[in-house]
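Data block for run_32.txt (compact mmCIF, C-alpha atoms):
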```
# COMPACT_ATOMS: atom_id res chain seq x y z
CA MET A 1234 37.44 35.07 24.14
CA SER A 1235 39.76 36.15 21.37
CA GLU A 1236 43.21 36.83 22.74
CA LYS A 1237 45.23 37.64 19.65
CA LYS A 1238 45.04 41.05 18.08
CA SER A 1239 45.44 42.13 14.51
CA PHE A 1240 48.25 44.50 13.64
CA VAL A 1241 49.77 46.24 10.69
CA ILE A 1242 53.48 46.58 10.05
CA PRO A 1243 54.93 48.96 7.48
CA PHE A 1244 57.80 47.82 5.28
CA ASP A 1245 59.60 50.24 3.00
CA THR A 1246 58.39 49.34 -0.50
CA LYS A 1247 61.93 49.50 -1.89
CA THR A 1248 64.30 48.41 0.91
CA GLY A 1249 61.90 46.03 2.68
CA ARG A 1250 62.92 47.49 6.03
CA ALA A 1251 60.54 48.17 8.87
CA PRO A 1252 61.29 51.27 10.94
CA GLU A 1253 63.55 50.32 13.85
CA SER A 1254 60.97 51.80 16.17
CA VAL A 1255 58.59 49.09 14.99
CA ARG A 1256 60.90 46.10 14.66
CA LYS A 1257 64.63 45.55 15.03
CA PRO A 1258 66.23 43.52 12.23
CA LEU A 1259 68.30 40.41 12.77
CA GLU A 1260 71.62 40.83 11.01
CA ARG A 1261 74.12 38.33 9.67
CA ARG A 1262 77.59 39.63 8.84
CA VAL A 1263 80.30 37.80 6.94
CA SER A 1264 81.83 36.72 10.26
CA ASN A 1265 78.57 34.98 11.19
CA LEU A 1266 78.81 32.86 8.04
CA SER A 1267 82.07 31.04 8.58
CA GLY A 1268 81.80 27.60 7.00
CA ILE A 1269 78.80 28.66 4.95
CA PHE A 1270 80.79 30.13 2.07
CA PHE A 1271 83.19 27.82 0.26
CA ASP A 1272 86.20 30.13 0.14
CA ASN A 1273 87.47 30.49 3.71
CA GLN A 1274 90.38 32.71 2.75
CA ALA A 1275 88.08 35.15 0.96
CA LEU A 1276 85.82 35.11 4.00
CA GLU A 1277 88.68 36.03 6.33
CA THR A 1278 89.63 38.87 4.01
CA ALA A 1279 86.06 40.18 3.92
CA VAL A 1280 85.87 40.05 7.71
CA SER A 1281 89.07 42.06 8.02
CA GLN A 1282 87.85 44.56 5.43
CA GLY A 1283 84.80 45.86 7.23
CA ASN A 1284 82.89 42.65 7.85
CA PRO A 1285 79.81 43.78 5.92
CA ILE A 1286 76.22 42.76 6.55
CA VAL A 1287 75.32 39.91 4.19
CA TYR A 1288 71.64 39.72 5.03
CA GLU A 1289 69.07 40.92 7.50
CA PHE A 1290 65.54 39.89 8.23
CA TYR A 1291 62.54 41.25 9.99
CA ASP A 1292 60.69 38.43 11.65
CA MET A 1293 57.51 39.21 13.53
CA GLY A 1294 58.19 36.73 16.31
CA MET A 1295 54.77 35.14 16.04
CA PRO A 1296 53.83 32.49 18.58
CA GLU A 1297 54.98 29.12 17.27
CA THR A 1298 51.58 27.48 17.06
CA GLU A 1299 50.33 25.39 14.19
CA GLY A 1300 47.49 27.79 13.43
CA ASP A 1301 49.68 30.84 13.17
CA ILE A 1302 51.61 32.30 10.26
CA ALA A 1303 55.17 33.58 10.60
CA PHE A 1304 56.01 36.33 8.18
CA GLY A 1305 58.30 39.24 7.48
CA THR A 1306 60.94 40.42 5.06
CA SER A 1307 64.43 39.22 4.25
CA ILE A 1308 67.03 41.42 2.62
CA VAL A 1309 70.16 39.94 1.02
CA HIS A 1310 72.68 42.63 0.16
CA PRO A 1311 74.73 42.66 -3.04
CA GLY A 1312 78.24 41.28 -2.79
CA LYS A 1313 80.42 38.18 -3.01
CA VAL A 1314 82.67 36.04 -0.86
CA GLY A 1315 85.17 34.62 -3.31
CA GLU A 1316 83.12 33.51 -6.32
CA GLU A 1317 79.92 33.03 -4.36
CA PHE A 1318 77.17 35.63 -4.21
CA PHE A 1319 75.95 36.88 -0.86
CA MET A 1320 73.30 34.49 0.41
CA THR A 1321 71.46 33.28 3.48
CA LYS A 1322 72.60 30.32 5.57
CA GLY A 1323 69.62 28.34 4.41
CA HIS A 1324 67.64 25.90 6.47
CA PHE A 1325 65.26 23.00 6.61
CA HIS A 1326 62.10 23.39 8.63
CA THR A 1327 62.15 21.41 11.88
CA ILE A 1328 58.71 20.10 10.92
CA LEU A 1329 60.20 18.96 7.65
CA ASP A 1330 57.11 18.78 5.48
CA THR A 1331 56.04 22.43 5.77
CA ALA A 1332 56.12 24.75 2.79
CA GLU A 1333 57.08 28.40 2.53
CA VAL A 1334 56.27 31.15 0.07
CA TYR A 1335 58.38 34.15 -0.91
CA TYR A 1336 57.08 37.21 -2.73
CA CYS A 1337 59.88 39.19 -4.37
CA ILE A 1338 59.60 42.91 -3.65
CA SER A 1339 62.79 44.07 -5.36
CA GLY A 1340 66.08 42.83 -6.71
CA HIS A 1341 67.09 39.70 -8.60
CA GLY A 1342 67.59 36.47 -6.75
CA LEU A 1343 67.81 32.75 -6.87
CA MET A 1344 66.09 30.34 -4.49
CA LEU A 1345 68.23 27.22 -4.13
CA MET A 1346 66.45 24.18 -2.70
CA GLU A 1347 67.34 20.61 -1.91
CA SER A 1348 65.59 17.67 -0.29
CA PRO A 1349 67.24 15.23 2.13
CA GLU A 1350 67.28 12.70 -0.73
CA GLY A 1351 69.28 15.04 -2.92
CA ASP A 1352 66.65 16.45 -5.24
CA VAL A 1353 67.90 19.93 -6.14
CA GLU A 1354 65.74 22.72 -7.52
CA HIS A 1355 66.23 26.41 -8.15
CA GLN A 1356 64.00 29.29 -9.14
CA GLU A 1357 64.92 32.80 -10.20
CA MET A 1358 63.08 35.63 -8.53
CA GLU A 1359 62.27 39.09 -9.79
CA PRO A 1360 59.90 41.76 -8.47
CA GLY A 1361 56.28 40.59 -8.43
CA GLN A 1362 57.20 36.93 -8.62
CA ALA A 1363 56.20 34.49 -5.91
CA VAL A 1364 58.30 31.39 -5.33
CA TYR A 1365 56.77 28.30 -3.77
CA VAL A 1366 59.20 26.25 -1.67
CA PRO A 1367 57.67 22.79 -1.14
CA GLY A 1368 57.80 21.04 2.19
CA ARG A 1369 60.89 18.90 2.82
CA TYR A 1370 63.21 21.27 0.91
CA ALA A 1371 66.05 23.20 2.51
CA HIS A 1372 66.12 26.65 0.95
CA ARG A 1373 68.65 29.42 0.61
CA SER A 1374 68.13 32.89 -0.90
CA ILE A 1375 70.96 34.11 -3.11
CA ASN A 1376 71.36 37.64 -4.43
CA ILE A 1377 72.58 37.19 -8.01
CA SER A 1378 72.64 40.93 -8.63
CA LEU A 1379 75.84 42.64 -7.59
CA LYS A 1380 74.10 46.01 -7.68
CA GLU A 1381 70.98 45.99 -5.56
CA PRO A 1382 69.54 44.19 -2.55
CA LEU A 1383 67.23 41.21 -2.92
CA VAL A 1384 64.11 41.98 -0.90
CA MET A 1385 61.45 39.37 -0.22
CA PHE A 1386 58.30 38.96 1.83
CA PHE A 1387 58.05 35.47 3.33
CA ALA A 1388 55.30 33.45 5.02
CA PHE A 1389 55.21 29.97 6.55
CA ARG A 1390 53.44 28.02 9.28
CA ALA A 1391 54.60 29.57 12.54
CA ASP A 1392 55.45 26.30 14.26
CA ALA A 1393 57.54 24.98 11.34
CA GLY A 1394 60.78 25.86 13.11
CA HIS A 1395 64.26 26.32 11.66
CA ASP A 1396 66.84 23.58 11.36
CA TYR A 1397 70.04 25.46 10.53
CA GLY A 1398 72.31 22.74 11.93
CA THR A 1399 72.01 20.28 9.07
CA ILE A 1400 73.16 22.86 6.52
CA GLU A 1401 75.87 24.22 8.81
CA GLU A 1402 77.25 20.72 9.12
CA LYS A 1403 76.77 19.31 5.63
CA GLY A 1404 76.37 22.34 3.41
CA PHE A 1405 74.23 22.47 0.28
CA ARG A 1406 75.07 20.05 -2.52
CA LYS A 1407 75.41 22.96 -4.94
CA LEU A 1408 77.14 26.33 -4.98
CA VAL A 1409 76.01 29.34 -6.99
CA VAL A 1410 78.95 31.28 -8.35
CA ASP A 1411 79.48 34.47 -10.31
CA ARG A 1412 80.55 34.07 -13.91
CA GLY A 1413 80.85 37.77 -14.73
CA GLY A 1414 77.30 38.92 -15.41
CA SER A 1415 75.67 35.52 -15.07
CA TYR A 1416 75.64 32.70 -12.54
CA GLU A 1417 76.53 29.05 -12.63
CA ILE A 1418 75.35 26.25 -10.36
CA ILE A 1419 78.19 23.87 -9.60
CA ASP A 1420 78.80 20.92 -7.30
CA ASN A 1421 79.98 21.77 -3.79
CA PRO A 1422 83.30 19.99 -3.31
CA ASN A 1423 82.89 20.31 0.45
CA TRP A 1424 79.46 18.69 0.64
CA LYS A 1425 79.41 15.63 2.83
CA GLU A 1426 76.86 12.85 3.07
CA SER A 1427 76.82 12.84 6.86
CA MET B 826 60.85 10.68 -2.38
CA SER B 827 59.94 14.32 -2.75
CA GLU B 828 56.79 14.62 -4.79
CA LYS B 829 56.07 18.33 -4.71
CA LYS B 830 57.92 20.67 -6.97
CA SER B 831 58.87 24.29 -6.52
CA PHE B 832 57.47 26.84 -8.93
CA VAL B 833 57.51 30.53 -9.58
CA ILE B 834 54.50 32.59 -10.54
CA PRO B 835 54.73 36.11 -11.91
CA PHE B 836 52.30 38.75 -10.71
CA ASP B 837 52.16 42.17 -12.32
CA THR B 838 53.77 44.50 -9.75
CA LYS B 839 51.02 47.09 -10.22
CA THR B 840 47.81 45.21 -11.03
CA GLY B 841 48.60 42.02 -9.08
CA ARG B 842 47.41 39.93 -12.01
CA ALA B 843 49.08 36.77 -13.18
CA PRO B 844 49.05 36.20 -16.95
CA GLU B 845 45.96 34.24 -17.94
CA SER B 846 48.23 31.69 -19.56
CA VAL B 847 49.62 30.97 -16.10
CA ARG B 848 46.54 31.22 -13.94
CA LYS B 849 42.92 32.12 -14.54
CA PRO B 850 41.43 34.54 -11.99
CA LEU B 851 38.27 33.85 -10.03
CA GLU B 852 35.90 36.78 -10.49
CA ARG B 853 33.07 38.10 -8.36
CA ARG B 854 30.68 40.51 -10.01
CA VAL B 855 28.03 42.63 -8.31
CA SER B 856 25.43 39.97 -9.15
CA ASN B 857 27.47 37.39 -7.19
CA LEU B 858 27.24 39.56 -4.08
CA SER B 859 23.51 39.75 -3.54
CA GLY B 860 22.84 39.96 0.18
CA ILE B 861 26.45 40.96 0.89
CA PHE B 862 25.92 44.67 0.30
CA PHE B 863 23.35 46.44 2.46
CA ASP B 864 21.57 48.40 -0.26
CA ASN B 865 19.71 45.86 -2.38
CA GLN B 866 18.17 48.48 -4.64
CA ALA B 867 21.60 49.93 -5.46
CA LEU B 868 22.86 46.42 -6.13
CA GLU B 869 20.05 45.74 -8.62
CA THR B 870 20.83 49.02 -10.36
CA ALA B 871 24.56 48.16 -10.58
CA VAL B 872 23.71 44.74 -12.01
CA SER B 873 21.54 46.30 -14.69
CA GLN B 874 24.21 48.88 -15.49
CA GLY B 875 26.98 46.55 -16.61
CA ASN B 876 27.32 44.30 -13.57
CA PRO B 877 30.98 45.21 -12.96
CA ILE B 878 33.64 42.99 -11.45
CA VAL B 879 33.95 43.83 -7.74
CA TYR B 880 36.95 41.64 -7.00
CA GLU B 881 39.09 38.89 -8.44
CA PHE B 882 41.66 36.62 -6.98
CA TYR B 883 44.42 34.37 -8.14
CA ASP B 884 44.58 31.34 -5.90
CA MET B 885 47.26 28.77 -6.58
CA GLY B 886 45.02 25.80 -5.75
CA MET B 887 47.54 24.28 -3.39
CA PRO B 888 46.74 20.88 -1.90
CA GLU B 889 44.77 21.40 1.30
CA THR B 890 47.25 19.81 3.67
CA GLU B 891 48.30 21.19 7.01
CA GLY B 892 51.93 21.53 5.94
CA ASP B 893 51.18 23.53 2.84
CA ILE B 894 50.74 27.25 2.30
CA ALA B 895 47.96 28.69 0.15
CA PHE B 896 48.86 31.98 -1.45
CA GLY B 897 48.06 34.35 -4.26
CA THR B 898 46.76 37.83 -4.94
CA SER B 899 43.40 39.47 -4.43
CA ILE B 900 42.30 42.54 -6.31
CA VAL B 901 39.36 44.65 -5.15
CA HIS B 902 38.33 47.18 -7.76
CA PRO B 903 37.31 50.76 -6.96
CA GLY B 904 33.61 51.43 -6.72
CA LYS B 905 30.54 51.48 -4.50
CA VAL B 906 27.20 49.77 -4.09
CA GLY B 907 25.05 52.39 -2.45
CA GLU B 908 27.19 53.92 0.29
CA GLU B 909 29.39 50.86 0.69
CA PHE B 910 32.77 50.51 -0.95
CA PHE B 911 33.50 47.52 -3.14
CA MET B 912 34.66 44.67 -0.92
CA THR B 913 35.08 40.91 -0.70
CA LYS B 914 32.43 38.60 0.72
CA GLY B 915 34.64 37.89 3.69
CA HIS B 916 34.96 34.57 5.46
CA PHE B 917 35.96 32.67 8.53
CA HIS B 918 38.43 29.84 8.12
CA THR B 919 36.84 26.40 8.49
CA ILE B 920 39.64 25.53 10.89
CA LEU B 921 38.69 28.59 12.88
CA ASP B 922 41.93 29.27 14.72
CA THR B 923 44.17 29.76 11.68
CA ALA B 924 45.74 33.11 10.89
CA GLU B 925 46.32 34.85 7.57
CA VAL B 926 48.70 37.54 6.41
CA TYR B 927 48.18 40.11 3.66
CA TYR B 928 50.95 42.17 2.09
CA CYS B 929 49.59 45.26 0.34
CA ILE B 930 51.06 45.70 -3.14
CA SER B 931 49.08 48.75 -4.23
CA GLY B 932 46.02 50.77 -3.38
CA HIS B 933 44.40 51.83 -0.13
CA GLY B 934 42.28 49.41 1.78
CA LEU B 935 40.71 48.43 5.02
CA MET B 936 40.76 44.95 6.55
CA LEU B 937 37.58 44.47 8.59
CA MET B 938 37.68 41.61 11.09
CA GLU B 939 35.33 40.14 13.65
CA SER B 940 35.39 37.15 15.96
CA PRO B 941 32.40 34.91 16.66
CA GLU B 942 32.12 36.62 20.08
CA GLY B 943 31.76 40.02 18.44
CA ASP B 944 35.23 41.50 18.85
CA VAL B 945 35.64 43.83 15.89
CA GLU B 946 38.95 45.11 14.56
CA HIS B 947 40.05 46.98 11.50
CA GLN B 948 43.39 47.90 9.94
CA GLU B 949 44.14 50.27 7.11
CA MET B 950 46.44 49.00 4.38
CA GLU B 951 48.78 50.88 2.11
CA PRO B 952 51.57 49.66 -0.18
CA GLY B 953 54.36 47.90 1.73
CA GLN B 954 52.21 47.27 4.77
CA ALA B 955 51.49 43.76 6.01
CA VAL B 956 48.31 43.07 7.94
CA TYR B 957 48.13 40.18 10.37
CA VAL B 958 44.67 38.63 10.67
CA PRO B 959 44.60 36.52 13.86
CA GLY B 960 43.00 33.12 13.95
CA ARG B 961 39.29 33.05 14.77
CA TYR B 962 38.57 36.33 12.94
CA ALA B 963 36.36 36.59 9.87
CA HIS B 964 37.98 39.05 7.49
CA ARG B 965 36.86 41.17 4.59
CA SER B 966 38.99 43.38 2.32
CA ILE B 967 37.48 46.75 1.47
CA ASN B 968 38.78 49.15 -1.16
CA ILE B 969 38.41 52.59 0.44
CA SER B 970 39.92 54.31 -2.59
CA LEU B 971 37.45 55.17 -5.31
CA LYS B 972 40.30 55.66 -7.79
CA GLU B 973 42.56 52.60 -7.87
CA PRO B 974 42.39 48.87 -7.20
CA LEU B 975 43.42 47.38 -3.86
CA VAL B 976 46.00 44.69 -4.61
CA MET B 977 47.23 42.30 -1.95
CA PHE B 978 49.38 39.21 -1.66
CA PHE B 979 47.92 36.70 0.82
CA ALA B 980 49.18 33.56 2.57
CA PHE B 981 47.57 31.11 4.99
CA ARG B 982 47.72 27.47 5.99
CA ALA B 983 46.46 25.53 2.98
CA ASP B 984 44.05 23.34 4.91
CA ALA B 985 42.41 26.26 6.76
CA GLY B 986 39.42 26.21 4.44
CA HIS B 987 36.84 28.91 3.76
CA ASP B 988 33.59 29.30 5.63
CA TYR B 989 31.63 31.80 3.54
CA GLY B 990 28.25 30.58 4.75
CA THR B 991 28.31 32.21 8.16
CA ILE B 992 28.89 35.65 6.71
CA GLU B 993 26.41 35.11 3.87
CA GLU B 994 23.77 34.26 6.45
CA LYS B 995 24.53 36.71 9.24
CA GLY B 996 26.63 39.43 7.65
CA PHE B 997 29.34 41.41 9.39
CA ARG B 998 28.38 43.40 12.47
CA LYS B 999 29.76 46.54 10.86
CA LEU B 1000 29.49 48.28 7.50
CA VAL B 1001 32.13 50.54 5.99
CA VAL B 1002 30.59 53.44 4.13
CA ASP B 1003 31.80 56.34 2.04
CA ARG B 1004 31.61 59.76 3.63
CA GLY B 1005 32.94 61.76 0.69
CA GLY B 1006 36.70 61.34 0.86
CA SER B 1007 36.79 59.37 4.07
CA TYR B 1008 35.12 56.31 5.48
CA GLU B 1009 32.97 55.56 8.46
CA ILE B 1010 32.40 52.27 10.25
CA ILE B 1011 28.78 51.93 11.29
CA ASP B 1012 26.56 49.24 12.75
CA ASN B 1013 24.96 46.89 10.26
CA PRO B 1014 21.20 47.17 10.78
CA ASN B 1015 20.75 43.82 9.03
CA TRP B 1016 23.15 41.86 11.21
CA LYS B 1017 21.48 38.98 12.98
CA GLU B 1018 22.68 36.92 15.92
CA SER B 1019 21.73 33.59 14.36
```

Can you turn what I pasted into structure tokens?
Amino acid sequence: MSEKKSFVIPFDTKTGRAPESVRKPLERRVSNLSGIFFDNQALETAVSQGNPIVYEFYDMGMPETEGDIAFGTSIVHPGKVGEEFFMTKGHFHTILDTAEVYYCISGHGLMLMESPEGDVEHQEMEPGQAVYVPGRYAHRSINISLKEPLVMFFAFRADAGHDYGTIEEKGFRKLVVDRGGSYEIIDNPNWKES
Amino acid sequence: MSEKKSFVIPFDTKTGRAPESVRKPLERRVSNLSGIFFDNQALETAVSQGNPIVYEFYDMGMPETEGDIAFGTSIVHPGKVGEEFFMTKGHFHTILDTAEVYYCISGHGLMLMESPEGDVEHQEMEPGQAVYVPGRYAHRSINISLKEPLVMFFAFRADAGHDYGTIEEKGFRKLVVDRGGSYEIIDNPNWKES
């Protein structure tokens, strides 16, 4: 007997949002990202000035089995905390050696990746481009446009799991900062080995 | 040591094509689909009248490991063979219980699915819609527009594999035929149990 059913989910072709009647988004505001951005003072200020949504994602909540595919959209809004662009927390997969793919629907972004050994990679993303994130790499989506949201469709093995703790504790080795119309990737002074 | 590298691949946001310099498409013409369409006489005629491309796909050729994700685009052109719309061969995954997700970039399509036990499902696809194909289901993409290509971004576990043979031998239980502006799903008179 087949127990799982097919389904279709509509995402807005521009905003990436699914109707709330279909799927409720998970939201991360500035206040949820304490310790993620470098500039704590700027973060406190942003919290007190409206505490905007930094990113949201629509995850389908697929069963976490090795044969299933987790997928959905992530939306990183335009903005900065201090010099850093709005971005996701970033995570390793709990099953470390599992890859992920992102298809860029709209906006202009940067995928920042690093392995436990310290190999760092980044890829720019524009509409129609697919970015392959290899297994073993933590990955963070950064909106390097200050004008429009970065909207992406993502897919990965449903049992891969999310390890947010390592990044919350150690940070990424690199920061991506605004340089007035362009970005620069610099060392993270707060990064710690363990 | 991390051995795999990230990469970005650009797909045209309308046609779904990657530049040939980046990736060569795999093409299936009418002559490659003998026995797939019901109307053999119409197929012979189409072959003799230019043998058009029915579909093409850009597969990234990812290593077939269980931690990797295979992805790319598939493009089903508008057209018919007899009463049937242009469509893909369709396949089961070799590791049967592995799912797949399709994000519709442009066009208007139908995903036809069936399990080995004979459960049949279908989902219509329009731009911005993602279709979840559960594990265990053979799946075939059908372009139900006679005007524009059906373009989709797909992702599945890279070691899932493709079993085309079962469908080539038995066919799908259902056919999707043109009814002058709409479609109808009918029994396949040629379908055989084994």

key: Selection: 7 Å around region 900-907 of chain B, all atoms listed in the file, excl. self and same-chain fewer than 5 positions, as a PyMOL selection string   = chain B and resi 841+862+864+867-868+879-882+912+968+970-977

Only residues of chain B matter here; which ones have an atom within 8 Å of chain A, counting all atoms listed in the file? Give them as a short mmCIF file (atom, residue, chain, number, x, y, z; two decimals) with C-alpha atoms, keeping the file's coordinate frame.
```
data_model
loop_
_atom_site.label_atom_id
_atom_site.label_comp_id
_atom_site.auth_asym_id
_atom_site.auth_seq_id
_atom_site.Cartn_x
_atom_site.Cartn_y
_atom_site.Cartn_z
CA MET B 826 60.85 10.68 -2.38
CA SER B 827 59.94 14.32 -2.75
CA LYS B 829 56.07 18.33 -4.71
CA LYS B 830 57.92 20.67 -6.97
CA SER B 831 58.87 24.29 -6.52
CA PHE B 832 57.47 26.84 -8.93
CA VAL B 833 57.51 30.53 -9.58
CA ILE B 834 54.50 32.59 -10.54
CA PRO B 835 54.73 36.11 -11.91
CA PHE B 836 52.30 38.75 -10.71
CA ASP B 837 52.16 42.17 -12.32
CA THR B 838 53.77 44.50 -9.75
CA GLY B 841 48.60 42.02 -9.08
CA GLU B 891 48.30 21.19 7.01
CA GLY B 892 51.93 21.53 5.94
CA ASP B 893 51.18 23.53 2.84
CA ILE B 894 50.74 27.25 2.30
CA PHE B 896 48.86 31.98 -1.45
CA ASP B 922 41.93 29.27 14.72
CA THR B 923 44.17 29.76 11.68
CA ALA B 924 45.74 33.11 10.89
CA GLU B 925 46.32 34.85 7.57
CA VAL B 926 48.70 37.54 6.41
CA SER B 940 35.39 37.15 15.96
CA GLU B 942 32.12 36.62 20.08
CA ASP B 944 35.23 41.50 18.85
CA GLU B 946 38.95 45.11 14.56
CA HIS B 947 40.05 46.98 11.50
CA GLN B 948 43.39 47.90 9.94
CA GLU B 949 44.14 50.27 7.11
CA MET B 950 46.44 49.00 4.38
CA PRO B 952 51.57 49.66 -0.18
CA GLY B 953 54.36 47.90 1.73
CA GLN B 954 52.21 47.27 4.77
CA ALA B 955 51.49 43.76 6.01
CA VAL B 956 48.31 43.07 7.94
CA TYR B 957 48.13 40.18 10.37
CA VAL B 958 44.67 38.63 10.67
CA PRO B 959 44.60 36.52 13.86
CA GLY B 960 43.00 33.12 13.95
CA ARG B 961 39.29 33.05 14.77
CA ALA B 980 49.18 33.56 2.57
CA PHE B 981 47.57 31.11 4.99
CA ARG B 982 47.72 27.47 5.99
#
```

inquiry  = Given the point (38.7, 24.0, 0.8) in the coordinates of this file, which residues lie within 8 Å, counting all atoms listed in the file, and how would they look as a PyMOL selection string?
reply    = chain B and resi 889+984-987

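Comparing B:His916, B:Leu858, B:Gln866, B:Asn876 by their smallest distance to Gly990 (chain B), the closest is B:His916 (using all atoms listed in the file).
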
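For the pair CA of His918 (chain B) and CA of His964 (chain B), the interatomic distance is 9.2 Å.
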
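Distances to Asn1423 (chain A) were evaluated for A:Gly1404, A:Val1409, A:Ser1264, A:Arg1373 using all atoms listed in the file, and the minimum falls at A:Gly1404.
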
query = What is the CA of Glu1401 (chain A) to CA of Lys1322 (chain A) distance in Å?
reply = 7.6 Å

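The space separating CA of Phe997 (chain B) from CA of Gly934 (chain B) comes to 17.0 Å.
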
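Closest approach to Leu1345 (chain A) from the set A:Thr1321, A:Thr1327, A:Thr1399, A:Ser1254 is made by A:Thr1321, with distances taken over only C-alpha atoms.
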
ask   = Looking at A:Glu1253, A:Glu1316, A:Glu1402, A:Asp1396, which one is nearest to Glu1426 (chain A), with distances taken over only C-alpha atoms?
value = A:Glu1402
